[in-house]
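Listing of start_34.txt; format and content: compact mmCIF, C-alpha atoms.
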# COMPACT_ATOMS: atom_id res chain seq x y z
CA MET L 832 -43.46 -8.53 22.01
CA LEU L 833 -43.81 -6.96 18.58
CA ALA L 834 -43.03 -10.09 16.60
CA GLY L 835 -42.20 -13.72 17.29
CA ARG L 836 -42.34 -15.20 20.76
CA ALA L 837 -40.94 -14.76 24.25
CA PHE L 838 -38.58 -17.21 25.91
CA THR L 839 -40.15 -20.46 27.05
CA ASP L 840 -39.18 -23.43 29.21
CA ALA L 841 -38.24 -25.24 25.99
CA ASP L 842 -35.23 -22.91 25.58
CA ARG L 843 -32.98 -25.24 27.57
CA PRO L 844 -29.18 -25.51 27.39
CA ASP L 845 -29.44 -28.48 25.01
CA ALA L 846 -31.93 -26.73 22.68
CA GLN L 847 -31.33 -24.35 19.79
CA ARG L 848 -29.71 -21.13 21.05
CA VAL L 849 -32.21 -18.30 20.79
CA VAL L 850 -32.15 -14.53 21.27
CA ILE L 851 -34.66 -11.71 21.32
CA ILE L 852 -33.68 -8.32 19.92
CA ASN L 853 -35.22 -4.88 20.15
CA GLN L 854 -36.54 -2.66 17.33
CA THR L 855 -33.40 -0.51 17.15
CA PHE L 856 -31.21 -3.59 16.74
CA ALA L 857 -33.51 -4.94 14.00
CA ARG L 858 -33.48 -1.64 12.07
CA LYS L 859 -29.75 -1.09 12.39
CA PHE L 860 -28.44 -4.54 11.54
CA PHE L 861 -31.22 -6.12 9.49
CA GLN L 862 -32.84 -3.06 7.81
CA GLN L 863 -36.25 -4.58 8.50
CA PRO L 864 -38.63 -4.50 11.45
CA ASN L 865 -39.19 -8.29 11.64
CA PRO L 866 -36.05 -10.45 11.32
CA VAL L 867 -37.64 -13.37 13.23
CA GLY L 868 -36.26 -16.64 11.91
CA ARG L 869 -32.90 -15.20 10.88
CA TYR L 870 -29.66 -15.98 12.66
CA LEU L 871 -27.69 -13.50 14.75
CA ASP L 872 -24.57 -15.57 14.29
CA LYS L 873 -24.02 -19.11 13.11
CA ASN L 874 -26.18 -20.73 15.79
CA ALA L 875 -28.24 -18.03 17.57
CA LEU L 876 -31.75 -17.89 16.15
CA ILE L 877 -33.77 -14.69 16.50
CA VAL L 878 -37.15 -15.76 17.89
CA GLY L 879 -38.65 -12.40 18.82
CA VAL L 880 -38.56 -8.63 18.51
CA VAL L 881 -39.52 -6.40 21.42
CA ALA L 882 -40.16 -2.69 21.71
CA ASP L 883 -37.28 -0.38 22.60
CA THR L 884 -36.65 0.62 26.17
CA VAL L 885 -35.90 4.31 26.49
CA GLN L 886 -32.87 4.99 28.65
CA SER L 887 -30.38 7.72 29.37
CA SER L 888 -27.40 7.82 27.03
CA ALA L 889 -25.01 9.05 29.72
CA GLY L 890 -24.16 7.92 33.19
CA GLY L 891 -22.80 9.55 36.30
CA LEU L 892 -23.55 13.19 36.99
CA ASN L 893 -25.04 13.75 33.52
CA ALA L 894 -27.53 10.88 33.74
CA GLY L 895 -30.46 13.11 34.65
CA ALA L 896 -29.73 15.73 32.00
CA ALA L 897 -28.72 13.46 29.13
CA PRO L 898 -31.14 12.89 26.26
CA LEU L 899 -33.12 9.68 26.32
CA THR L 900 -32.22 7.23 23.60
CA SER L 901 -32.90 3.66 22.53
CA GLU L 902 -29.85 1.47 22.17
CA GLU L 903 -29.41 -1.83 20.36
CA THR L 904 -30.28 -4.59 22.82
CA ILE L 905 -30.06 -8.39 22.75
CA TYR L 906 -31.85 -10.56 25.30
CA LEU L 907 -30.58 -14.07 26.09
CA PRO L 908 -32.39 -16.76 28.09
CA ALA L 909 -30.42 -17.38 31.29
CA ALA L 910 -30.99 -21.13 30.94
CA GLN L 911 -28.81 -21.19 27.84
CA VAL L 912 -25.89 -19.37 29.49
CA VAL L 913 -24.28 -22.51 30.87
CA ASP L 914 -20.60 -21.71 30.37
CA ALA L 915 -19.31 -20.39 33.70
CA LYS L 916 -16.43 -18.55 32.00
CA SER L 917 -18.84 -16.76 29.67
CA LEU L 918 -21.06 -15.80 32.57
CA THR L 919 -18.07 -14.52 34.55
CA MET L 920 -16.87 -12.49 31.55
CA VAL L 921 -20.34 -11.00 31.02
CA HIS L 922 -20.61 -10.02 34.69
CA THR L 923 -17.07 -8.64 34.81
CA TRP L 924 -17.13 -6.50 31.68
CA PHE L 925 -20.74 -5.71 30.94
CA GLN L 926 -22.52 -5.78 34.32
CA PRO L 927 -25.79 -7.19 33.00
CA SER L 928 -29.16 -6.74 34.57
CA TRP L 929 -31.09 -9.88 35.42
CA ILE L 930 -34.81 -9.36 35.01
CA VAL L 931 -36.88 -11.94 36.85
CA ARG L 932 -40.63 -12.26 36.46
CA THR L 933 -42.38 -14.18 39.18
CA ALA L 934 -45.98 -15.03 39.91
CA GLY L 935 -45.23 -15.72 43.56
CA PRO L 936 -44.42 -13.36 46.42
CA LEU L 937 -41.26 -11.27 46.32
CA GLU L 938 -40.19 -12.47 49.75
CA GLY L 939 -37.41 -15.02 49.37
CA LEU L 940 -36.78 -14.18 45.70
CA THR L 941 -33.44 -12.59 46.57
CA ALA L 942 -32.23 -15.74 48.31
CA ARG L 943 -33.40 -17.96 45.45
CA MET L 944 -31.61 -15.79 42.86
CA THR L 945 -28.42 -15.70 44.93
CA HIS L 946 -28.52 -19.48 45.27
CA ALA L 947 -29.18 -19.98 41.55
CA LEU L 948 -26.23 -17.80 40.59
CA ALA L 949 -23.99 -19.42 43.21
CA THR L 950 -24.61 -22.81 41.61
CA VAL L 951 -23.00 -21.44 38.42
CA ASP L 952 -20.19 -19.46 40.07
CA PRO L 953 -20.08 -18.55 43.76
CA GLN L 954 -17.73 -15.63 43.01
CA LEU L 955 -20.35 -13.68 41.03
CA PRO L 956 -21.92 -11.04 43.28
CA PHE L 957 -25.22 -9.24 42.93
CA SER L 958 -24.96 -5.48 43.20
CA GLY L 959 -28.55 -5.07 44.30
CA PHE L 960 -32.12 -6.28 44.09
CA TYR L 961 -34.86 -3.92 43.03
CA SER L 962 -38.48 -4.26 42.06
CA MET L 963 -39.61 -2.59 38.84
CA TYR L 964 -41.58 -0.08 40.92
CA ASP L 965 -38.41 0.86 42.83
CA LEU L 966 -36.45 1.24 39.59
CA MET L 967 -39.15 3.42 38.06
CA ALA L 968 -39.27 5.60 41.18
CA ALA L 969 -35.47 5.95 41.20
CA THR L 970 -35.42 6.77 37.49
CA LEU L 971 -38.04 9.49 37.89
CA ALA L 972 -36.65 10.89 41.16
CA THR L 973 -34.38 13.42 39.42
CA GLN L 974 -37.17 14.61 37.14
CA ARG L 975 -39.49 15.00 40.14
CA VAL L 976 -36.92 17.14 41.98
CA GLU L 977 -36.40 19.24 38.83
CA VAL L 978 -40.16 19.77 38.45
CA ALA L 979 -40.46 20.74 42.13
CA LEU L 980 -37.60 23.25 41.77
CA LEU L 981 -39.12 24.64 38.58
CA ALA L 982 -42.50 25.04 40.31
CA ALA L 983 -40.83 26.77 43.28
CA MET L 984 -38.96 29.17 40.98
CA ALA L 985 -42.11 29.90 38.99
CA SER L 986 -43.98 30.65 42.24
CA LEU L 987 -41.16 32.92 43.38
CA ALA L 988 -41.22 34.74 40.02
CA LEU L 989 -44.98 35.22 40.35
CA VAL L 990 -44.63 36.63 43.88
CA LEU L 991 -41.81 38.96 42.79
CA SER L 992 -43.84 40.25 39.82
CA ALA L 993 -46.86 40.87 42.06
CA VAL L 994 -44.69 42.74 44.58
CA GLY L 995 -43.10 44.74 41.74
CA ILE L 996 -46.47 45.74 40.27
CA PHE L 997 -47.73 46.69 43.74
CA ALA L 998 -44.61 48.79 44.38
CA LEU L 999 -44.94 50.53 41.00
CA VAL L 1000 -48.60 51.41 41.55
CA ALA L 1001 -47.88 52.53 45.14
CA ASN L 1002 -45.05 54.76 43.90
CA ILE L 1003 -47.24 56.35 41.21
CA VAL L 1004 -50.01 56.99 43.73
CA ALA L 1005 -47.52 58.47 46.24
CA GLN L 1006 -46.13 60.84 43.60
CA ARG L 1007 -49.55 62.03 42.48
CA THR L 1008 -51.34 62.18 45.84
CA ARG L 1009 -51.82 65.98 45.72
CA GLU L 1010 -53.07 65.88 42.14
CA ILE L 1011 -55.54 63.12 43.04
CA GLY L 1012 -56.72 65.09 46.08
CA ILE L 1013 -57.25 68.25 44.00
CA ARG L 1014 -59.17 66.35 41.30
CA ILE L 1015 -61.45 64.72 43.88
CA ALA L 1016 -61.94 68.13 45.59
CA LEU L 1017 -63.00 69.63 42.26
CA GLY L 1018 -65.62 66.89 41.78
CA SER L 1019 -63.87 64.16 39.85
CA THR L 1020 -64.98 60.59 40.51
CA ILE L 1021 -62.69 57.79 41.75
CA GLN L 1022 -63.04 55.98 38.38
CA LYS L 1023 -61.83 59.02 36.46
CA VAL L 1024 -58.90 59.52 38.83
CA ILE L 1025 -57.89 55.86 38.46
CA SER L 1026 -58.15 56.10 34.67
CA ILE L 1027 -55.62 58.94 34.48
CA LEU L 1028 -53.08 57.01 36.50

Please express what this file holds, its structure, as structure tokens.
Amino acid sequence: MLAGRAFTDADRPDAQRVVIINQTFARKFFQQPNPVGRYLDKNALIVGVVADTVQSSAGGLNAGAAPLTSEETIYLPAAQVVDAKSLTMVHTWFQPSWIVRTAGPLEGLTARMTHALATVDPQLPFSGFYSMYDLMAATLATQRVEVALLAAMASLALVLSAVGIFALVANIVAQRTREIGIRIALGSTIQKVISIL
């Protein structure tokens, strides 16, 4: 939280509708970093501003190579989304992510979330359940593979340069073997012979 407050248990369906926005949203639509206390529409009060989450601007095959950006984001408390039609529309068109923070064990959380959503609309499916650690690992998996490939190519380049330098020196020595032998026979030292190569 950069300003204002997080959602609380007081943000019930019968309470004032509240939203939290991110920094990019605040800068773009309010031209100020702290619009806490202003209204998003006629009855949605902005109660907090959070830091931006950096995410890829493209999906599909370009997701790993796309530049990372911060998009305008609005967070709504799930307790205030009571209209089943609105929830169905949101899930159908926007495929939202439900972020659940729990102090208890993760075991059984999937069943509790499925049950909670089924009480609103049994037709709304979950596409998957992931911990934040799993999401972070999946997000960084492409970058880790790219770094491993880059390291492998750099190692291969180093080996090829070493082999090339060795071959060059070996070729020069092979071409000048007689000259080196004559110089050593006439009393030249190894250091002087190496210096003329």

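With distances restricted to all atoms listed in the file, L:Gly879 is the closest residue to Ala834 (chain L) from L:Pro864, L:Gly959, L:Gly939, L:Gly879.
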
What's around Met832 (chain L) at 8 Å? Count all atoms listed in the file, leave out sequence neighbours fewer than 2 positions away in its own chain, and write the answer as a CSV table (one decimal) with C-alpha atoms, in the frame of the given file.
chain,number,residue,atom,x,y,z
L,834,ALA,CA,-43.0,-10.1,16.6
L,835,GLY,CA,-42.2,-13.7,17.3
L,836,ARG,CA,-42.3,-15.2,20.8
L,837,ALA,CA,-40.9,-14.8,24.2
L,879,GLY,CA,-38.6,-12.4,18.8
L,880,VAL,CA,-38.6,-8.6,18.5
L,881,VAL,CA,-39.5,-6.4,21.4
L,882,ALA,CA,-40.2,-2.7,21.7

Exercise. Contacts of region 997-1005 of chain L at 12 Å or less, counting all atoms listed in the file, minus same-chain residues fewer than 6 places along, as number ranges by chain?
Worked result: L: 990-991, 1011-1012, 1024-1025, 1027-1028

For this session: With a distance cut-off of 12 Å and all atoms listed in the file, select the neighbouring residues of region 900-914 of chain L, excluding the residue or stretch itself and same-chain residues fewer than 5 positions from it, and output the selection as a VMD selection string.
Result: chain L and resid 837 to 861 871 875 to 889 894 919 to 922 927 to 931 944 947 to 948 950 to 952

Exercise. Using all atoms listed in the file, which of the listed residues (L:Ala983, L:Ala949, L:Ala942, L:Val867) sits closest to Leu833 (chain L)?
Worked result: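 Ranked by minimum distance to Leu833 (chain L), first place goes to L:Val867.
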
Problem set entry | CA of Ser962 (chain L) to CA of Leu940 (chain L), distance in Å rounded to a single decimal |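 Result for CA of Ser962 (chain L) versus CA of Leu940 (chain L): 10.7 Å, one decimal.
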
Please return the centre and edge lengths, in Å to one decimal, of a box with edges along x, y and z that contains all listed atoms of region 1009-1028 of chain L, widened by 8 Å on every side, as JSON.
{"center_x": -58.7, "center_y": 62.7, "center_z": 40.3, "size_x": 29.8, "size_y": 29.8, "size_z": 27.6}

Problem set entry | Between CA of Thr970 (chain L) and CA of Thr941 (chain L) - distance in Å to one decimal |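 Interatomic distance, CA of Thr941 (chain L) to CA of Thr970 (chain L): 21.5 Å.
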